[in-house]
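Raw contents of my_file.pdb, PDB, C-alpha atoms and all ligand atoms:
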MODEL        1
ATOM      1  CA  MET A   1      71.934 129.740 152.312  1.00  0.00           C
ATOM      2  CA  ARG A   2      68.489 130.579 153.605  1.00  0.00           C
ATOM      3  CA  VAL A   3      67.876 128.371 156.638  1.00  0.00           C
ATOM      4  CA  GLY A   4      64.583 127.998 158.514  1.00  0.00           C
ATOM      5  CA  ILE A   5      64.548 127.182 162.209  1.00  0.00           C
ATOM      6  CA  ALA A   6      61.771 126.214 164.615  1.00  0.00           C
ATOM      7  CA  SER A   7      61.343 124.349 167.875  1.00  0.00           C
ATOM      8  CA  ASP A   8      58.816 123.221 170.413  1.00  0.00           C
ATOM      9  CA  HIS A   9      59.136 123.862 174.145  1.00  0.00           C
ATOM     10  CA  GLY A  10      61.620 120.939 174.375  1.00  0.00           C
ATOM     11  CA  GLY A  11      63.994 122.706 171.993  1.00  0.00           C
ATOM     12  CA  TYR A  12      63.114 126.304 172.725  1.00  0.00           C
ATOM     13  CA  GLY A  13      65.999 126.802 175.157  1.00  0.00           C
ATOM     14  CA  GLN A  14      68.529 126.206 172.362  1.00  0.00           C
ATOM     15  CA  LYS A  15      66.732 127.830 169.430  1.00  0.00           C
ATOM     16  CA  ASP A  16      68.153 131.331 169.727  1.00  0.00           C
ATOM     17  CA  GLN A  17      71.716 130.064 170.274  1.00  0.00           C
ATOM     18  CA  ILE A  18      71.519 127.746 167.272  1.00  0.00           C
ATOM     19  CA  ALA A  19      69.983 130.508 165.127  1.00  0.00           C
ATOM     20  CA  ALA A  20      72.793 132.892 166.113  1.00  0.00           C
ATOM     21  CA  PHE A  21      75.352 130.193 165.341  1.00  0.00           C
ATOM     22  CA  ILE A  22      73.885 129.644 161.867  1.00  0.00           C
ATOM     23  CA  ARG A  23      74.028 133.414 161.239  1.00  0.00           C
ATOM     24  CA  SER A  24      77.668 133.436 162.419  1.00  0.00           C
ATOM     25  CA  LEU A  25      78.416 130.929 159.638  1.00  0.00           C
ATOM     26  CA  GLY A  26      77.169 133.495 157.121  1.00  0.00           C
ATOM     27  CA  HIS A  27      73.676 132.182 156.450  1.00  0.00           C
ATOM     28  CA  GLU A  28      70.310 133.920 156.537  1.00  0.00           C
ATOM     29  CA  VAL A  29      68.001 132.542 159.232  1.00  0.00           C
ATOM     30  CA  VAL A  30      64.213 132.612 159.126  1.00  0.00           C
ATOM     31  CA  ASP A  31      62.790 131.941 162.598  1.00  0.00           C
ATOM     32  CA  PHE A  32      59.400 130.215 162.474  1.00  0.00           C
ATOM     33  CA  GLY A  33      58.978 130.296 166.251  1.00  0.00           C
ATOM     34  CA  PRO A  34      57.756 129.730 168.803  1.00  0.00           C
ATOM     35  CA  PHE A  35      58.642 132.969 170.550  1.00  0.00           C
ATOM     36  CA  SER A  36      57.952 131.911 174.129  1.00  0.00           C
ATOM     37  CA  PRO A  37      58.784 128.773 176.157  1.00  0.00           C
ATOM     38  CA  ASP A  38      55.109 127.838 176.516  1.00  0.00           C
ATOM     39  CA  PRO A  39      54.183 124.276 175.490  1.00  0.00           C
ATOM     40  CA  VAL A  40      53.339 123.873 171.809  1.00  0.00           C
ATOM     41  CA  ASP A  41      52.811 120.915 169.499  1.00  0.00           C
ATOM     42  CA  TYR A  42      55.986 120.013 167.597  1.00  0.00           C
ATOM     43  CA  PRO A  43      54.104 118.880 164.436  1.00  0.00           C
ATOM     44  CA  ASP A  44      52.880 122.452 163.911  1.00  0.00           C
ATOM     45  CA  TYR A  45      56.439 123.786 163.833  1.00  0.00           C
ATOM     46  CA  ALA A  46      57.878 120.935 161.778  1.00  0.00           C
ATOM     47  CA  ASP A  47      55.102 121.658 159.297  1.00  0.00           C
ATOM     48  CA  LYS A  48      55.976 125.368 158.998  1.00  0.00           C
ATOM     49  CA  VAL A  49      59.643 124.730 158.216  1.00  0.00           C
ATOM     50  CA  GLY A  50      59.086 121.573 156.184  1.00  0.00           C
ATOM     51  CA  ARG A  51      56.539 123.188 153.888  1.00  0.00           C
ATOM     52  CA  ALA A  52      58.784 126.213 153.337  1.00  0.00           C
ATOM     53  CA  VAL A  53      61.598 123.842 152.303  1.00  0.00           C
ATOM     54  CA  SER A  54      59.158 121.955 150.090  1.00  0.00           C
ATOM     55  CA  ARG A  55      58.069 125.196 148.379  1.00  0.00           C
ATOM     56  CA  GLY A  56      61.705 126.110 147.721  1.00  0.00           C
ATOM     57  CA  GLU A  57      61.578 129.154 150.013  1.00  0.00           C
ATOM     58  CA  LEU A  58      64.342 127.712 152.221  1.00  0.00           C
ATOM     59  CA  ASP A  59      67.508 125.844 151.278  1.00  0.00           C
ATOM     60  CA  ARG A  60      67.575 123.917 154.569  1.00  0.00           C
ATOM     61  CA  GLY A  61      65.636 123.530 157.797  1.00  0.00           C
ATOM     62  CA  VAL A  62      66.753 122.999 161.393  1.00  0.00           C
ATOM     63  CA  LEU A  63      64.228 121.766 163.954  1.00  0.00           C
ATOM     64  CA  LEU A  64      64.631 121.338 167.713  1.00  0.00           C
ATOM     65  CA  CYS A  65      62.377 119.395 170.050  1.00  0.00           C
ATOM     66  CA  GLY A  66      63.043 117.249 173.111  1.00  0.00           C
ATOM     67  CA  THR A  67      64.489 114.357 171.135  1.00  0.00           C
ATOM     68  CA  GLY A  68      64.362 115.542 167.509  1.00  0.00           C
ATOM     69  CA  LEU A  69      62.287 112.464 166.738  1.00  0.00           C
ATOM     70  CA  GLY A  70      58.805 113.964 166.462  1.00  0.00           C
ATOM     71  CA  MET A  71      60.091 116.860 164.371  1.00  0.00           C
ATOM     72  CA  ALA A  72      61.855 114.492 161.980  1.00  0.00           C
ATOM     73  CA  ILE A  73      58.890 112.139 161.669  1.00  0.00           C
ATOM     74  CA  THR A  74      56.562 115.030 160.847  1.00  0.00           C
ATOM     75  CA  ALA A  75      58.829 116.940 158.470  1.00  0.00           C
ATOM     76  CA  ASP A  76      59.795 113.829 156.527  1.00  0.00           C
ATOM     77  CA  LYS A  77      56.148 113.291 155.525  1.00  0.00           C
ATOM     78  CA  ILE A  78      56.149 116.549 153.573  1.00  0.00           C
ATOM     79  CA  PRO A  79      56.919 116.105 149.862  1.00  0.00           C
ATOM     80  CA  GLY A  80      60.441 117.182 148.971  1.00  0.00           C
ATOM     81  CA  VAL A  81      61.692 116.922 152.547  1.00  0.00           C
ATOM     82  CA  ARG A  82      64.395 114.501 153.645  1.00  0.00           C
ATOM     83  CA  ALA A  83      64.510 114.864 157.433  1.00  0.00           C
ATOM     84  CA  ALA A  84      66.280 112.904 160.154  1.00  0.00           C
ATOM     85  CA  ALA A  85      66.995 113.214 163.855  1.00  0.00           C
ATOM     86  CA  ILE A  86      70.775 113.382 164.196  1.00  0.00           C
ATOM     87  CA  GLN A  87      72.994 113.145 167.282  1.00  0.00           C
ATOM     88  CA  SER A  88      76.446 112.173 166.005  1.00  0.00           C
ATOM     89  CA  ILE A  89      79.057 113.809 163.782  1.00  0.00           C
ATOM     90  CA  GLU A  90      79.256 110.718 161.600  1.00  0.00           C
ATOM     91  CA  PHE A  91      75.514 110.577 161.051  1.00  0.00           C
ATOM     92  CA  ALA A  92      75.423 114.312 160.240  1.00  0.00           C
ATOM     93  CA  GLU A  93      78.086 113.777 157.542  1.00  0.00           C
ATOM     94  CA  LEU A  94      76.386 110.719 156.077  1.00  0.00           C
ATOM     95  CA  PHE A  95      72.948 112.359 156.217  1.00  0.00           C
ATOM     96  CA  ARG A  96      74.293 114.973 153.809  1.00  0.00           C
ATOM     97  CA  GLU A  97      76.672 112.820 151.730  1.00  0.00           C
ATOM     98  CA  HIS A  98      74.445 109.784 151.169  1.00  0.00           C
ATOM     99  CA  ASN A  99      70.896 111.038 151.771  1.00  0.00           C
ATOM    100  CA  ASP A 100      71.159 114.691 150.650  1.00  0.00           C
ATOM    101  CA  GLY A 101      69.192 115.548 153.805  1.00  0.00           C
ATOM    102  CA  ASN A 102      67.593 118.974 153.822  1.00  0.00           C
ATOM    103  CA  VAL A 103      65.987 119.148 157.283  1.00  0.00           C
ATOM    104  CA  LEU A 104      68.043 118.450 160.407  1.00  0.00           C
ATOM    105  CA  ALA A 105      66.167 117.583 163.601  1.00  0.00           C
ATOM    106  CA  LEU A 106      68.022 118.059 166.873  1.00  0.00           C
ATOM    107  CA  SER A 107      67.484 117.121 170.508  1.00  0.00           C
ATOM    108  CA  GLY A 108      67.214 120.072 172.854  1.00  0.00           C
ATOM    109  CA  ARG A 109      66.964 117.874 175.932  1.00  0.00           C
ATOM    110  CA  PHE A 110      69.645 115.212 175.478  1.00  0.00           C
ATOM    111  CA  VAL A 111      72.328 116.978 173.435  1.00  0.00           C
ATOM    112  CA  ALA A 112      74.245 120.052 174.630  1.00  0.00           C
ATOM    113  CA  PRO A 113      73.970 123.222 172.506  1.00  0.00           C
ATOM    114  CA  GLU A 114      77.682 123.187 171.645  1.00  0.00           C
ATOM    115  CA  ALA A 115      77.365 119.613 170.361  1.00  0.00           C
ATOM    116  CA  ASN A 116      74.302 120.604 168.338  1.00  0.00           C
ATOM    117  CA  GLU A 117      76.290 123.513 166.865  1.00  0.00           C
ATOM    118  CA  ARG A 118      78.870 121.022 165.583  1.00  0.00           C
ATOM    119  CA  LEU A 119      76.099 118.960 163.974  1.00  0.00           C
ATOM    120  CA  VAL A 120      74.575 122.069 162.378  1.00  0.00           C
ATOM    121  CA  LYS A 121      77.934 123.159 160.930  1.00  0.00           C
ATOM    122  CA  ILE A 122      78.437 119.769 159.298  1.00  0.00           C
ATOM    123  CA  PHE A 123      74.843 119.744 158.060  1.00  0.00           C
ATOM    124  CA  LEU A 124      75.293 123.138 156.403  1.00  0.00           C
ATOM    125  CA  GLU A 125      78.815 122.643 155.053  1.00  0.00           C
ATOM    126  CA  THR A 126      78.831 119.052 153.769  1.00  0.00           C
ATOM    127  CA  GLU A 127      77.966 118.525 150.109  1.00  0.00           C
ATOM    128  CA  ALA A 128      75.788 115.681 148.921  1.00  0.00           C
ATOM    129  CA  SER A 129      77.810 113.005 147.163  1.00  0.00           C
ATOM    130  CA  PRO A 130      77.713 113.320 143.360  1.00  0.00           C
ATOM    131  CA  GLU A 131      78.334 109.563 143.012  1.00  0.00           C
ATOM    132  CA  ALA A 132      75.704 107.932 140.819  1.00  0.00           C
ATOM    133  CA  ARG A 133      74.815 105.229 143.339  1.00  0.00           C
ATOM    134  CA  HIS A 134      73.913 107.837 145.968  1.00  0.00           C
ATOM    135  CA  ARG A 135      72.050 110.110 143.518  1.00  0.00           C
ATOM    136  CA  ASN A 136      70.081 107.125 142.278  1.00  0.00           C
ATOM    137  CA  ARG A 137      69.120 106.124 145.813  1.00  0.00           C
ATOM    138  CA  VAL A 138      68.019 109.654 146.679  1.00  0.00           C
ATOM    139  CA  GLU A 139      65.843 109.632 143.547  1.00  0.00           C
ATOM    140  CA  LYS A 140      64.354 106.386 144.793  1.00  0.00           C
ATOM    141  CA  ILE A 141      63.590 108.016 148.149  1.00  0.00           C
ATOM    142  CA  MET A 142      61.780 110.828 146.376  1.00  0.00           C
ATOM    143  CA  ARG A 143      59.540 108.542 144.278  1.00  0.00           C
ATOM    144  CA  GLU A 144      57.730 107.819 147.569  1.00  0.00           C
ATOM    145  CA  ASP A 145      56.343 111.380 147.283  1.00  0.00           C
ATOM    146  CA  ASP A 146      54.618 110.493 144.004  1.00  0.00           C
ATOM    147  CA  PRO A 147      51.014 109.328 144.573  1.00  0.00           C
ATOM    148  CA  ALA A 148      51.248 107.446 141.273  1.00  0.00           C
ATOM    149  CA  PHE A 149      54.183 105.336 142.502  1.00  0.00           C
ATOM    150  CA  GLU A 150      52.804 101.915 143.399  1.00  0.00           C
ATOM    151  CA  GLY A 151      55.878 100.544 145.133  1.00  0.00           C
ATOM    152  CA  VAL A 152      58.570  98.095 144.108  1.00  0.00           C
ATOM    153  CA  ASP A 153      57.610  94.520 143.353  1.00  0.00           C
ATOM    154  CA  ALA A 154      57.548  92.337 146.451  1.00  0.00           C
TER     155      ALA A 154
HETATM  156  C1  LIG B   1      57.436 117.138 174.076  1.00  0.00           C
HETATM  157  O1  LIG B   1      57.217 116.759 175.390  1.00  0.00           O
HETATM  158  C2  LIG B   1      58.251 116.072 173.350  1.00  0.00           C
HETATM  159  O2  LIG B   1      57.437 114.988 173.081  1.00  0.00           O
HETATM  160  C3  LIG B   1      58.862 116.647 172.092  1.00  0.00           C
HETATM  161  O3  LIG B   1      59.696 117.719 172.421  1.00  0.00           O
HETATM  162  C4  LIG B   1      59.699 115.702 171.255  1.00  0.00           C
HETATM  163  O4  LIG B   1      60.681 115.092 172.022  1.00  0.00           O
HETATM  164  C5  LIG B   1      58.924 114.749 170.449  1.00  0.00           C
HETATM  165  O5  LIG B   1      59.448 113.964 169.662  1.00  0.00           O
ENDMDL
END

Structure re-expressed in structure tokens:
Amino acid sequence: MRVGIASDHGGYGQKDQIAAFIRSLGHEVVDFGPFSPDPVDYPDYADKVGRAVSRGELDRGVLLCGTGLGMAITADKIPGVRAAAIQSIEFAELFREHNDGNVLALSGRFVAPEANERLVKIFLETEASPEARHRNRVEKIMREDDPAFEGVDA
């Protein structure tokens, strides 16, 4: 797969290790930066990766900031992106199986790089469930991208 990666200064210290790990799994990595540890704004980097996923230029995205939260919040607003901040093995599996997540946001400050590598491996190697109930729910997630969708009846 073609996998985009980016961080802010809170995730910068892990970015190169995680990128190398993804390459070691046999994937192509596109590094969207930053390329120094200087402070940057995480929404700018979530935007770069999220929009590339949205345009179909990447199969998946991996984002690293201090908590993963700001990256996930930003990326998930981009049409076509299903992003979440993940810290556990179980959530990584379910994020793929139930939600067909395509952008993984990781904590560079509170989760060790080796633990993040385990999350990345699951994210990249777990298939989305083909079960109709999960596919239907993912389709319902994606209708929120449609400006014409007026919401479900209250
Ligand atoms: C930057 O200080 C920090 O806010 C950022 O890395 C991230 O944790 C935001 O969600």

Grab me every residue within 12 Å of ligand LIG 1 (chain B), counting all atoms listed in the file, and send it over as a PyMOL selection string. chain A and resi 6-13+37-46+63-75+84-85+105-111

Translate the PyMOL selection byres (((chain A and resi 141) around 12) and not hetatm) into a concrete residue list for this structure, as number ranges by chain. A: 76-77, 79-83, 98-101, 134-140, 142-146, 149, 151-152

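The two atoms in question, CA of Gln14 (chain A) and CA of Glu117 (chain A), are spaced 9.9 Å apart.
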
Kindly indicate which residue among A:Gly50, A:Pro130, A:Gly4, A:Gly56 lies nearest to His27 (chain A), using only C-alpha atoms for the distances. A:Gly4

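Of the residues listed (A:Val53, A:Leu25, A:Ile5, A:Ile78), A:Leu25 shows the shortest atom-to-atom separation from Arg118 (chain A); distances use all atoms listed in the file.
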
What gap, in Å, lies between CA of Arg55 (chain A) and CA of Leu124 (chain A)? 19.1 Å

Please write out, as AutoDock Vina command-line options, where the centre of an axis-aligned box around all listed atoms of region 90-97 of chain A lies and how long its edges are, in Å to one decimal, after adding 3 Å on each side.
--center_x 76.1 --center_y 112.8 --center_z 156.7 --size_x 12.3 --size_y 10.4 --size_z 15.9

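Shortest atom-to-atom contact with Pro113 (chain A) among A:Ser54, A:Ser88, A:Ser24, A:Gln17: A:Gln17, counting only C-alpha atoms.
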
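The two atoms in question, CA of Leu94 (chain A) and CA of Ala128 (chain A), are spaced 8.7 Å apart.
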
Residues returned when the PyMOL selection byres (((chain A and resi 2) around 9) and not hetatm) runs on this file, as a PyMOL selection string: chain A and resi 1+3-4+27-30+57-61

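Closest approach to Ile89 (chain A) from the set A:Ala115, A:Val49, A:Ala19, A:Leu104 is made by A:Ala115, with distances taken over only C-alpha atoms.
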
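Among the candidates A:Ala154, A:Val120, A:Pro34, A:Gly26, the one nearest to Phe91 (chain A) when counting only C-alpha atoms is A:Val120.
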
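Of the residues under consideration (A:Val103, A:Ala92, A:Ala52, A:Ile18), A:Ala52 shows the shortest atom-to-atom contact distance to Phe32 (chain A) when counting only C-alpha atoms.
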